[in-house]
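Coordinates as given in model-v2.txt (compact mmCIF, C-alpha atoms):
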# COMPACT_ATOMS: atom_id res chain seq x y z
CA MET V 1 0.00 0.00 0.00
CA PRO V 2 1.45 3.42 -0.92
CA ALA V 3 2.77 5.30 2.06
CA MET V 4 0.59 8.33 1.38
CA LEU V 5 -2.57 6.20 1.20
CA LEU V 6 -1.63 4.39 4.42
CA ALA V 7 -1.01 7.72 6.14
CA ALA V 8 -4.36 9.04 4.94
CA LEU V 9 -6.19 6.00 6.29
CA LEU V 10 -4.42 6.21 9.63
CA PHE V 11 -5.09 9.93 9.87
CA GLY V 12 -8.74 9.46 8.96
CA THR V 13 -9.33 6.89 11.70
CA ALA V 14 -7.14 8.40 14.39
CA GLY V 15 -9.06 9.58 17.42
CA GLN V 16 -12.29 7.90 16.32
CA PRO V 17 -13.42 5.54 19.11
CA ALA V 18 -14.79 2.15 18.14
CA MET V 19 -18.57 2.13 18.10
CA ALA V 20 -19.80 0.32 21.18
CA GLN V 21 -22.50 -2.11 20.09
CA THR V 22 -24.56 -2.07 23.28
CA LEU V 23 -27.64 -3.51 21.61
CA ASP V 24 -25.69 -6.53 20.38
CA ALA V 25 -24.20 -7.07 23.85
CA VAL V 26 -27.63 -6.89 25.46
CA ARG V 27 -29.13 -9.34 22.97
CA ASP V 28 -26.22 -11.77 23.30
CA ARG V 29 -26.56 -11.67 27.09
CA GLY V 30 -30.30 -12.16 26.90
CA PHE V 31 -31.29 -9.44 29.35
CA LEU V 32 -30.82 -5.73 30.07
CA VAL V 33 -28.60 -4.60 32.94
CA CYS V 34 -30.15 -1.42 34.24
CA GLY V 35 -29.20 0.77 37.19
CA SER V 36 -29.92 3.94 39.10
CA SER V 37 -28.33 5.91 41.90
CA ASN V 38 -29.12 5.41 45.58
CA PRO V 39 -32.40 3.61 46.43
CA LEU V 40 -35.14 6.18 46.95
CA SER V 41 -38.79 5.54 47.77
CA GLY V 42 -40.94 5.87 44.68
CA PHE V 43 -37.97 5.69 42.34
CA SER V 44 -36.26 2.43 43.26
CA GLN V 45 -36.85 0.33 46.33
CA LEU V 46 -36.64 -3.32 47.36
CA ASP V 47 -39.75 -5.07 48.67
CA THR V 48 -39.85 -7.81 51.30
CA ASP V 49 -39.21 -10.41 48.59
CA SER V 50 -36.06 -8.56 47.46
CA ARG V 51 -37.70 -7.41 44.24
CA TRP V 52 -37.04 -3.96 42.85
CA SER V 53 -39.88 -1.61 42.03
CA GLY V 54 -40.35 2.09 41.35
CA PHE V 55 -40.25 4.71 38.62
CA ASP V 56 -36.66 3.87 37.61
CA VAL V 57 -37.46 0.17 37.43
CA ASP V 58 -40.54 0.78 35.30
CA LEU V 59 -38.42 2.74 32.82
CA CYS V 60 -36.00 -0.19 32.70
CA ARG V 61 -38.88 -2.58 32.07
CA ALA V 62 -40.11 -0.36 29.24
CA LEU V 63 -36.68 -0.50 27.61
CA ALA V 64 -36.47 -4.28 27.98
CA ALA V 65 -39.91 -4.56 26.37
CA ALA V 66 -38.78 -2.35 23.49
CA ILE V 67 -35.75 -4.59 22.88
CA PHE V 68 -37.04 -8.07 23.66
CA GLY V 69 -40.81 -7.71 23.79
CA ASN V 70 -40.51 -8.91 27.40
CA PRO V 71 -40.26 -6.39 30.28
CA ASP V 72 -38.99 -9.01 32.72
CA LEU V 73 -35.66 -9.54 30.96
CA ILE V 74 -33.80 -7.10 33.19
CA GLU V 75 -31.31 -7.14 36.02
CA PHE V 76 -31.62 -4.04 38.16
CA ARG V 77 -28.71 -2.65 40.16
CA SER V 78 -28.40 0.31 42.50
CA TYR V 79 -25.18 2.33 42.61
CA ARG V 80 -24.12 4.83 45.22
CA GLY V 81 -22.23 8.06 44.83
CA GLU V 82 -19.81 8.75 42.02
CA ALA V 83 -19.20 4.99 41.59
CA ARG V 84 -22.28 4.96 39.39
CA PHE V 85 -20.28 6.25 36.40
CA ALA V 86 -17.56 3.58 36.45
CA PRO V 87 -19.96 0.64 35.95
CA LEU V 88 -21.42 2.47 32.97
CA GLN V 89 -17.98 3.12 31.47
CA THR V 90 -16.85 -0.48 31.92
CA GLY V 91 -20.01 -2.01 30.50
CA SER V 92 -21.17 -3.52 33.80
CA VAL V 93 -24.45 -1.68 33.30
CA ASP V 94 -26.14 -0.79 30.01
CA VAL V 95 -28.09 2.27 31.13
CA LEU V 96 -28.60 4.31 34.28
CA MET V 97 -32.21 5.40 34.57
CA ARG V 98 -31.54 7.87 37.38
CA ASN V 99 -28.15 9.39 38.06
CA GLY V 100 -26.95 12.69 39.43
CA ALA V 101 -28.84 15.68 38.08
CA TRP V 102 -27.91 16.63 34.53
CA THR V 103 -25.02 19.11 34.46
CA ALA V 104 -22.39 20.07 31.91
CA GLY V 105 -19.70 18.41 33.99
CA ARG V 106 -21.50 15.09 34.32
CA ASP V 107 -22.42 15.14 30.64
CA THR V 108 -18.84 15.65 29.48
CA ARG V 109 -16.33 14.29 32.02
CA TYR V 110 -17.23 10.65 32.58
CA GLY V 111 -17.68 9.21 29.11
CA ALA V 112 -21.41 9.42 29.75
CA ARG V 113 -24.25 10.98 27.82
CA TYR V 114 -27.59 12.14 29.17
CA VAL V 115 -30.39 11.00 26.88
CA ALA V 116 -33.53 13.00 27.67
CA PRO V 117 -35.34 14.42 30.71
CA SER V 118 -37.54 11.89 32.48
CA PHE V 119 -38.09 13.83 35.71
CA PHE V 120 -37.86 17.54 36.50
CA ASP V 121 -37.05 18.52 40.06
CA GLY V 122 -35.41 21.13 42.24
CA GLN V 123 -34.94 22.23 45.83
CA ALA V 124 -38.26 22.42 47.68
CA PHE V 125 -39.74 22.60 51.18
CA LEU V 126 -41.44 20.00 53.38
CA VAL V 127 -43.65 21.52 56.08
CA PRO V 128 -46.20 20.28 58.63
CA GLN V 129 -49.80 21.10 57.80
CA SER V 130 -49.99 22.75 61.22
CA LEU V 131 -47.66 25.49 59.97
CA GLY V 132 -50.58 26.73 57.89
CA VAL V 133 -48.70 27.60 54.69
CA VAL V 134 -49.43 26.41 51.16
CA SER V 135 -46.69 28.30 49.31
CA ALA V 136 -42.98 28.82 49.85
CA TYR V 137 -43.61 32.54 49.55
CA GLU V 138 -45.50 32.41 52.85
CA LEU V 139 -42.49 31.12 54.76
CA ASP V 140 -41.05 33.70 57.16
CA ASN V 141 -39.08 33.49 60.40
CA VAL V 142 -38.91 29.70 60.24
CA SER V 143 -36.15 27.26 61.11
CA ILE V 144 -35.07 25.09 58.18
CA CYS V 145 -33.06 21.87 58.25
CA VAL V 146 -30.75 21.72 55.24
CA VAL V 147 -27.63 19.93 54.00
CA ASP V 148 -25.14 22.43 52.67
CA GLY V 149 -23.47 20.11 50.21
CA PHE V 150 -24.39 21.29 46.71
CA GLY V 151 -25.43 24.89 47.16
CA GLU V 152 -28.69 24.28 49.03
CA LEU V 153 -27.92 26.84 51.71
CA GLN V 154 -27.00 29.46 49.12
CA ALA V 155 -30.27 28.77 47.32
CA LEU V 156 -32.14 29.38 50.59
CA ASP V 157 -30.25 32.64 51.15
CA ASP V 158 -31.08 33.81 47.64
CA PHE V 159 -34.75 32.84 47.89
CA PHE V 160 -35.40 34.47 51.27
CA PHE V 161 -33.42 37.57 50.34
CA SER V 162 -35.43 38.06 47.15
CA ASN V 163 -38.65 37.41 49.08
CA GLN V 164 -37.61 39.85 51.84
CA THR V 165 -38.28 37.24 54.52
CA THR V 166 -36.08 35.49 57.08
CA PHE V 167 -35.16 31.98 58.18
CA GLN V 168 -32.84 30.25 60.62
CA GLU V 169 -30.60 27.58 59.17
CA VAL V 170 -30.15 24.23 60.91
CA VAL V 171 -27.32 22.65 58.92
CA TYR V 172 -26.45 18.95 58.78
CA GLU V 173 -23.86 16.95 56.91
CA GLU V 174 -26.05 14.03 55.80
CA ALA V 175 -29.53 14.02 54.30
CA ALA V 176 -30.69 11.30 56.70
CA ASP V 177 -30.13 13.72 59.60
CA LEU V 178 -32.75 16.11 58.21
CA LEU V 179 -35.67 13.79 58.88
CA VAL V 180 -34.39 12.87 62.34
CA ALA V 181 -34.13 16.53 63.26
CA TYR V 182 -37.55 17.35 61.76
CA ARG V 183 -39.23 14.57 63.69
CA ALA V 184 -37.58 15.76 66.90
CA GLY V 185 -38.80 19.33 66.37
CA LEU V 186 -35.31 20.75 65.89
CA CYS V 187 -36.57 22.58 62.81
CA GLN V 188 -39.95 23.52 61.39
CA VAL V 189 -39.13 22.88 57.72
CA ILE V 190 -36.86 20.65 55.64
CA SER V 191 -35.39 21.93 52.40
CA ALA V 192 -34.01 19.41 49.90
CA SER V 193 -34.81 18.11 46.42
CA GLY V 194 -38.46 17.33 45.86
CA ARG V 195 -37.69 13.64 45.30
CA GLN V 196 -35.80 13.44 48.60
CA LEU V 197 -38.62 15.19 50.42
CA GLN V 198 -41.10 12.75 48.91
CA ALA V 199 -39.09 9.85 50.33
CA PHE V 200 -38.97 11.58 53.73
CA ARG V 201 -42.71 12.17 53.68
CA ARG V 202 -43.37 8.47 53.08
CA GLU V 203 -41.37 7.64 56.21
CA LEU V 204 -43.42 9.89 58.47
CA GLN V 205 -46.07 8.25 60.61
CA ASP V 206 -48.92 10.18 58.95
CA PRO V 207 -47.81 11.65 55.60
CA ALA V 208 -51.13 13.49 55.24
CA LEU V 209 -50.08 15.78 58.09
CA HIS V 210 -47.18 17.10 56.03
CA ARG V 211 -46.95 18.71 52.60
CA ILE V 212 -44.34 19.49 49.99
CA LEU V 213 -44.81 23.07 48.87
CA PRO V 214 -45.21 23.41 45.10
CA GLU V 215 -42.38 25.87 44.40
CA ARG V 216 -38.87 24.82 43.37
CA ILE V 217 -36.05 27.25 44.14
CA SER V 218 -33.47 25.53 41.95
CA LYS V 219 -33.57 23.41 38.81
CA GLU V 220 -32.56 19.78 38.44
CA VAL V 221 -33.12 17.53 35.44
CA LEU V 222 -32.93 13.76 35.74
CA GLY V 223 -32.96 11.22 32.97
CA PRO V 224 -31.38 8.10 31.48
CA VAL V 225 -27.62 8.07 31.00
CA VAL V 226 -25.70 5.91 28.52
CA ARG V 227 -22.10 5.59 27.40
CA GLN V 228 -20.77 7.90 24.75
CA ASP V 229 -19.96 6.68 21.24
CA ASP V 230 -23.00 4.47 20.70
CA ASP V 231 -25.53 6.59 18.84
CA GLU V 232 -27.80 3.65 18.08
CA TRP V 233 -28.19 2.77 21.76
CA PHE V 234 -28.67 6.44 22.64
CA GLU V 235 -31.54 6.67 20.15
CA ILE V 236 -33.14 3.43 21.36
CA VAL V 237 -33.25 4.65 24.96
CA ARG V 238 -34.37 8.13 23.90
CA TRP V 239 -37.25 7.05 21.68
CA THR V 240 -38.45 4.51 24.21
CA MET V 241 -38.65 7.36 26.71
CA PHE V 242 -40.35 9.64 24.18
CA ALA V 243 -42.86 6.90 23.35
CA LEU V 244 -44.14 6.87 26.94
CA ILE V 245 -44.60 10.65 26.89
CA THR V 246 -46.22 10.70 23.46
CA ALA V 247 -48.57 7.90 24.49
CA GLU V 248 -49.93 10.10 27.26
CA GLU V 249 -50.34 12.98 24.81
CA VAL V 250 -52.41 10.93 22.36
CA GLY V 251 -54.32 8.93 24.96
CA VAL V 252 -52.74 5.50 24.50
CA THR V 253 -52.58 3.50 27.74
CA SER V 254 -51.66 -0.02 28.76
CA LEU V 255 -55.39 -0.68 29.20
CA ASN V 256 -56.66 0.52 25.82
CA ILE V 257 -53.69 -0.19 23.57
CA ASP V 258 -54.98 -3.53 22.31
CA SER V 259 -58.31 -1.98 21.34
CA LEU V 260 -56.74 0.73 19.14
CA SER V 261 -55.69 -1.41 16.17
CA ALA V 262 -58.48 0.15 14.10
CA ALA V 263 -57.62 3.71 15.13
CA ARG V 264 -57.50 6.22 12.29
CA THR V 265 -55.51 8.94 14.05
CA PRO V 266 -52.04 9.02 12.41
CA ALA V 267 -50.24 9.84 15.69
CA VAL V 268 -51.83 6.82 17.37
CA ARG V 269 -51.14 4.51 14.42
CA ARG V 270 -47.48 5.58 14.32
CA ILE V 271 -46.88 4.88 17.98
CA LEU V 272 -48.56 1.49 17.64
CA GLY V 273 -46.32 0.59 14.71
CA LEU V 274 -49.29 0.38 12.34
CA GLU V 275 -48.17 3.25 10.13
CA GLY V 276 -44.53 3.81 9.23
CA ASP V 277 -41.62 1.76 10.49
CA TYR V 278 -39.57 3.54 13.14
CA GLY V 279 -37.97 0.42 14.55
CA SER V 280 -35.94 -0.90 11.64
CA ALA V 281 -33.49 2.02 11.68
CA LEU V 282 -32.74 1.07 15.30
CA ARG V 283 -32.68 -2.67 14.55
CA LEU V 284 -35.87 -3.10 16.59
CA ARG V 285 -39.35 -4.34 15.75
CA PRO V 286 -41.79 -1.83 14.23
CA THR V 287 -43.86 -2.29 17.40
CA PHE V 288 -41.06 -1.48 19.85
CA MET V 289 -42.86 1.61 21.17
CA SER V 290 -46.19 -0.11 21.62
CA ASP V 291 -44.41 -3.04 23.30
CA ALA V 292 -42.98 -0.64 25.88
CA ILE V 293 -46.34 1.03 26.51
CA ARG V 294 -48.16 -2.29 26.78
CA ALA V 295 -45.63 -3.43 29.38
CA VAL V 296 -45.62 -0.45 31.75
CA GLY V 297 -48.16 2.10 30.54
CA ASN V 298 -47.69 5.67 29.41
CA TYR V 299 -45.84 8.31 31.43
CA ALA V 300 -48.97 9.24 33.42
CA GLU V 301 -49.49 5.61 34.39
CA LEU V 302 -45.88 5.30 35.56
CA TYR V 303 -46.13 8.51 37.56
CA ASP V 304 -49.45 7.60 39.17
CA ARG V 305 -48.30 4.09 40.03
CA ASN V 306 -45.20 5.33 41.84
CA PHE V 307 -46.22 8.75 43.17
CA GLY V 308 -50.03 8.71 43.11
CA PRO V 309 -52.61 8.67 45.93
CA GLN V 310 -52.37 4.90 46.44
CA THR V 311 -48.81 5.37 47.76
CA GLY V 312 -50.21 7.21 50.77
CA ALA V 313 -48.12 10.29 49.97
CA ALA V 314 -49.24 11.62 46.60
CA MET V 315 -46.83 13.99 44.84
CA LEU V 316 -48.25 16.61 42.49
CA ARG V 317 -46.93 16.33 38.95
CA GLY V 318 -46.07 20.02 38.75
CA GLN V 319 -43.18 20.44 36.33
CA ASN V 320 -43.61 16.80 35.32
CA ALA V 321 -47.01 17.42 33.77
CA LEU V 322 -47.27 17.47 29.99
CA TRP V 323 -46.35 20.73 28.29
CA SER V 324 -50.01 21.02 27.23
CA ASN V 325 -51.04 20.92 30.91
CA GLY V 326 -48.63 23.57 32.15
CA GLY V 327 -45.65 21.28 32.78
CA LEU V 328 -42.26 20.81 31.14
CA LEU V 329 -42.70 17.27 29.83
CA TYR V 330 -42.32 17.21 26.07
CA ALA V 331 -41.47 14.74 23.32
CA PRO V 332 -40.76 15.44 19.63
CA PRO V 333 -43.38 14.17 17.18
CA ILE V 334 -43.15 10.61 15.91
CA MET V 335 -43.35 11.00 12.15
How would this structure read if it were set down as structure tokens?
Amino acid sequence: MPAMLLAALLFGTAGQPAMAQTLDAVRDRGFLVCGSSNPLSGFSQLDTDSRWSGFDVDLCRALAAAIFGNPDLIEFRSYRGEARFAPLQTGSVDVLMRNGAWTAGRDTRYGARYVAPSFFDGQAFLVPQSLGVVSAYELDNVSICVVDGFGELQALDDFFFSNQTTFQEVVYEEAADLLVAYRAGLCQVISASGRQLQAFRRELQDPALHRILPERISKEVLGPVVRQDDDEWFEIVRWTMFALITAEEVGVTSLNIDSLSAARTPAVRRILGLEGDYGSALRLRPTFMSDAIRAVGNYAELYDRNFGPQTGAAMLRGQNALWSNGGLLYAPPIM
């Protein structure tokens, strides 16, 4: 081979990482390895039979259904702290359904890639009903338990300064201390992420006597995370997630999906795989989206199952409502 041609080939391929064929690895293994960060009530928890359940697990089941047509072909793992990125990098896990909140650093430093928002959150307030407030803007001269680890205390300072009200900080090093202190009456309010407060509320003896105020004083975006350099896998995870959101938009549920085969609405027919083929480009079945919905339901069904009234501590959808209902949840059209 001429030296110049060899040099051109080497130059053209230098620095281009080999495409990681995650889909092939998952199919060869026969099941999906799916993870999330620390166990958290409503998101991922173990029952008395050592089975995982929760919002994160349902998203994993949806992805397994999209790939295999069977939502049970998963192995779920929970990772703590920053160690959650290493298993993703090494291939020990195929996707993380809940990781640290989406930031530029996390999206660029660890060989990881955030796929799409699945849950919007932010710093909020848990208060007893006896305090008589229904909005964070009513808080004044209250004691607040807070962990000052990732700017929470600064967010409180900024919020109360802009609101021209006051508070007394009760600072702890670990999140678990917040609930202990709150129960003991060492503070009137807890301030942490809404998802953490929801888990705290479930642990209280009577959750109905406590409320999470609707306002968020910071912004956090959570969603599936995959390895870089595998665009096919990225798109599979992304469009499975989008399918659950779109299904809610067009009224497709796990209960009515089998009765919609005669539907005439193009948006419904596309998501059912009856019109157009959106699976072949991803090496999936044309019905991969409907398989996911049939297995776990649409986004509203997932949310209600894990955060609805039957949990004993219902959490308002708020930012996680559809864009058409005043929320931030949005999926591009399937067409």
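Shortest atom-to-atom contact with V:Leu302 among V:Ile217, V:Leu153, V:Ile245, V:Ile257: V:Ile245, counting only C-alpha atoms.
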> Using only C-alpha atoms, which of the listed residues (V:Met241, V:Leu96, V:Leu46, V:Ala124) sits closest to V:Arg195?
Replying inline: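 Using only C-alpha atoms, the shortest distance to V:Arg195 belongs to V:Ala124.
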>> Can you tell me which residues surround stretch 84-87 of chain V at a distance of at most 9 Å, considering all atoms listed in the file, apart from same-chain residues fewer than 3 positions away, and format the answer as a list in words?
In response: Gly35, Ser36, Ser37, Ser78, Tyr79, Arg80, Gly81, Thr90, Gly91, Ser92, Val93, Asp94, Leu96, Asn99, Tyr110, Gly111 and Ala112 of chain V
> Of the residues V:Trp102, V:Phe120, V:Phe167, V:Tyr303, which is the one nearest to V:Val146, using all atoms listed in the file?
Replying inline: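 Result for the nearest residue to V:Val146: V:Phe167.
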>> What's the separation between atom CA of V:Glu235 and atom CA of V:Leu282, in Å to one decimal place?
In response: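 Computed distance, atom CA of V:Glu235 to atom CA of V:Leu282, equals 7.5 Å.
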> Between V:Phe161, V:Trp323, V:Trp233, V:Tyr114, which has the minimum distance to V:Tyr137 (counting all atoms listed in the file)?
Replying inline: V:Phe161
>> Between V:Val115, V:Val250, V:Ala314, V:Ala300, which residue has the minimum interatomic distance to V:Arg201, considering only C-alpha atoms?
In response: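 When distances to V:Arg201 are compared using only C-alpha atoms, the smallest one comes from V:Ala314.
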Take the point (-53.8, -0.3, 26.6) in the file's coordinates, draw a sphere of radius 10 Å around it, and report as a PDB file with C-alpha atoms, in the coordinates of the input every protein, DNA or RNA residue with an atom inside or on it, counting only C-alpha atoms.
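That gives us point39.pdb:
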ATOM      1  CA  ALA V 247     -48.570   7.900  24.490  1.00  0.00           C
ATOM      2  CA  GLY V 251     -54.320   8.930  24.960  1.00  0.00           C
ATOM      3  CA  VAL V 252     -52.740   5.500  24.500  1.00  0.00           C
ATOM      4  CA  THR V 253     -52.580   3.500  27.740  1.00  0.00           C
ATOM      5  CA  SER V 254     -51.660  -0.020  28.760  1.00  0.00           C
ATOM      6  CA  LEU V 255     -55.390  -0.680  29.200  1.00  0.00           C
ATOM      7  CA  ASN V 256     -56.660   0.520  25.820  1.00  0.00           C
ATOM      8  CA  ILE V 257     -53.690  -0.190  23.570  1.00  0.00           C
ATOM      9  CA  ASP V 258     -54.980  -3.530  22.310  1.00  0.00           C
ATOM     10  CA  SER V 259     -58.310  -1.980  21.340  1.00  0.00           C
ATOM     11  CA  LEU V 260     -56.740   0.730  19.140  1.00  0.00           C
ATOM     12  CA  SER V 290     -46.190  -0.110  21.620  1.00  0.00           C
ATOM     13  CA  ILE V 293     -46.340   1.030  26.510  1.00  0.00           C
ATOM     14  CA  ARG V 294     -48.160  -2.290  26.780  1.00  0.00           C
ATOM     15  CA  ALA V 295     -45.630  -3.430  29.380  1.00  0.00           C
ATOM     16  CA  VAL V 296     -45.620  -0.450  31.750  1.00  0.00           C
ATOM     17  CA  GLY V 297     -48.160   2.100  30.540  1.00  0.00           C
ATOM     18  CA  ASN V 298     -47.690   5.670  29.410  1.00  0.00           C
TER      19      ASN V 298
END
> Expressed in Å to a single decimal, how great is the separation between atom CA of V:Leu23 and atom CA of V:Ala267?
Replying inline: 26.9 Å
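Compared by their closest atoms to V:Phe150, and using all atoms listed in the file, the residues V:Leu209, V:Leu328, V:Leu179, V:Ala192 rank with V:Ala192 nearest.
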> Contacts of stretch 269-280 of chain V at 9 Å or less, counting all atoms listed in the file, minus same-chain residues fewer than 4 places along, as a ChimeraX atom specification?
Replying inline: /V:236,243,246-247,252,257,260-265,284-291,334-335
Keeping only C-alpha atoms, write the selected residues to a file as a short mmCIF file (atom, residue, chain, number, x, y, z; two decimals), in the coordinates of the input.
data_model
loop_
_atom_site.label_atom_id
_atom_site.label_comp_id
_atom_site.auth_asym_id
_atom_site.auth_seq_id
_atom_site.Cartn_x
_atom_site.Cartn_y
_atom_site.Cartn_z
CA ILE V 236 -33.14 3.43 21.36
CA ALA V 243 -42.86 6.90 23.35
CA THR V 246 -46.22 10.70 23.46
CA ALA V 247 -48.57 7.90 24.49
CA VAL V 252 -52.74 5.50 24.50
CA ILE V 257 -53.69 -0.19 23.57
CA LEU V 260 -56.74 0.73 19.14
CA SER V 261 -55.69 -1.41 16.17
CA ALA V 262 -58.48 0.15 14.10
CA ALA V 263 -57.62 3.71 15.13
CA ARG V 264 -57.50 6.22 12.29
CA THR V 265 -55.51 8.94 14.05
CA LEU V 284 -35.87 -3.10 16.59
CA ARG V 285 -39.35 -4.34 15.75
CA PRO V 286 -41.79 -1.83 14.23
CA THR V 287 -43.86 -2.29 17.40
CA PHE V 288 -41.06 -1.48 19.85
CA MET V 289 -42.86 1.61 21.17
CA SER V 290 -46.19 -0.11 21.62
CA ASP V 291 -44.41 -3.04 23.30
CA ILE V 334 -43.15 10.61 15.91
CA MET V 335 -43.35 11.00 12.15
#
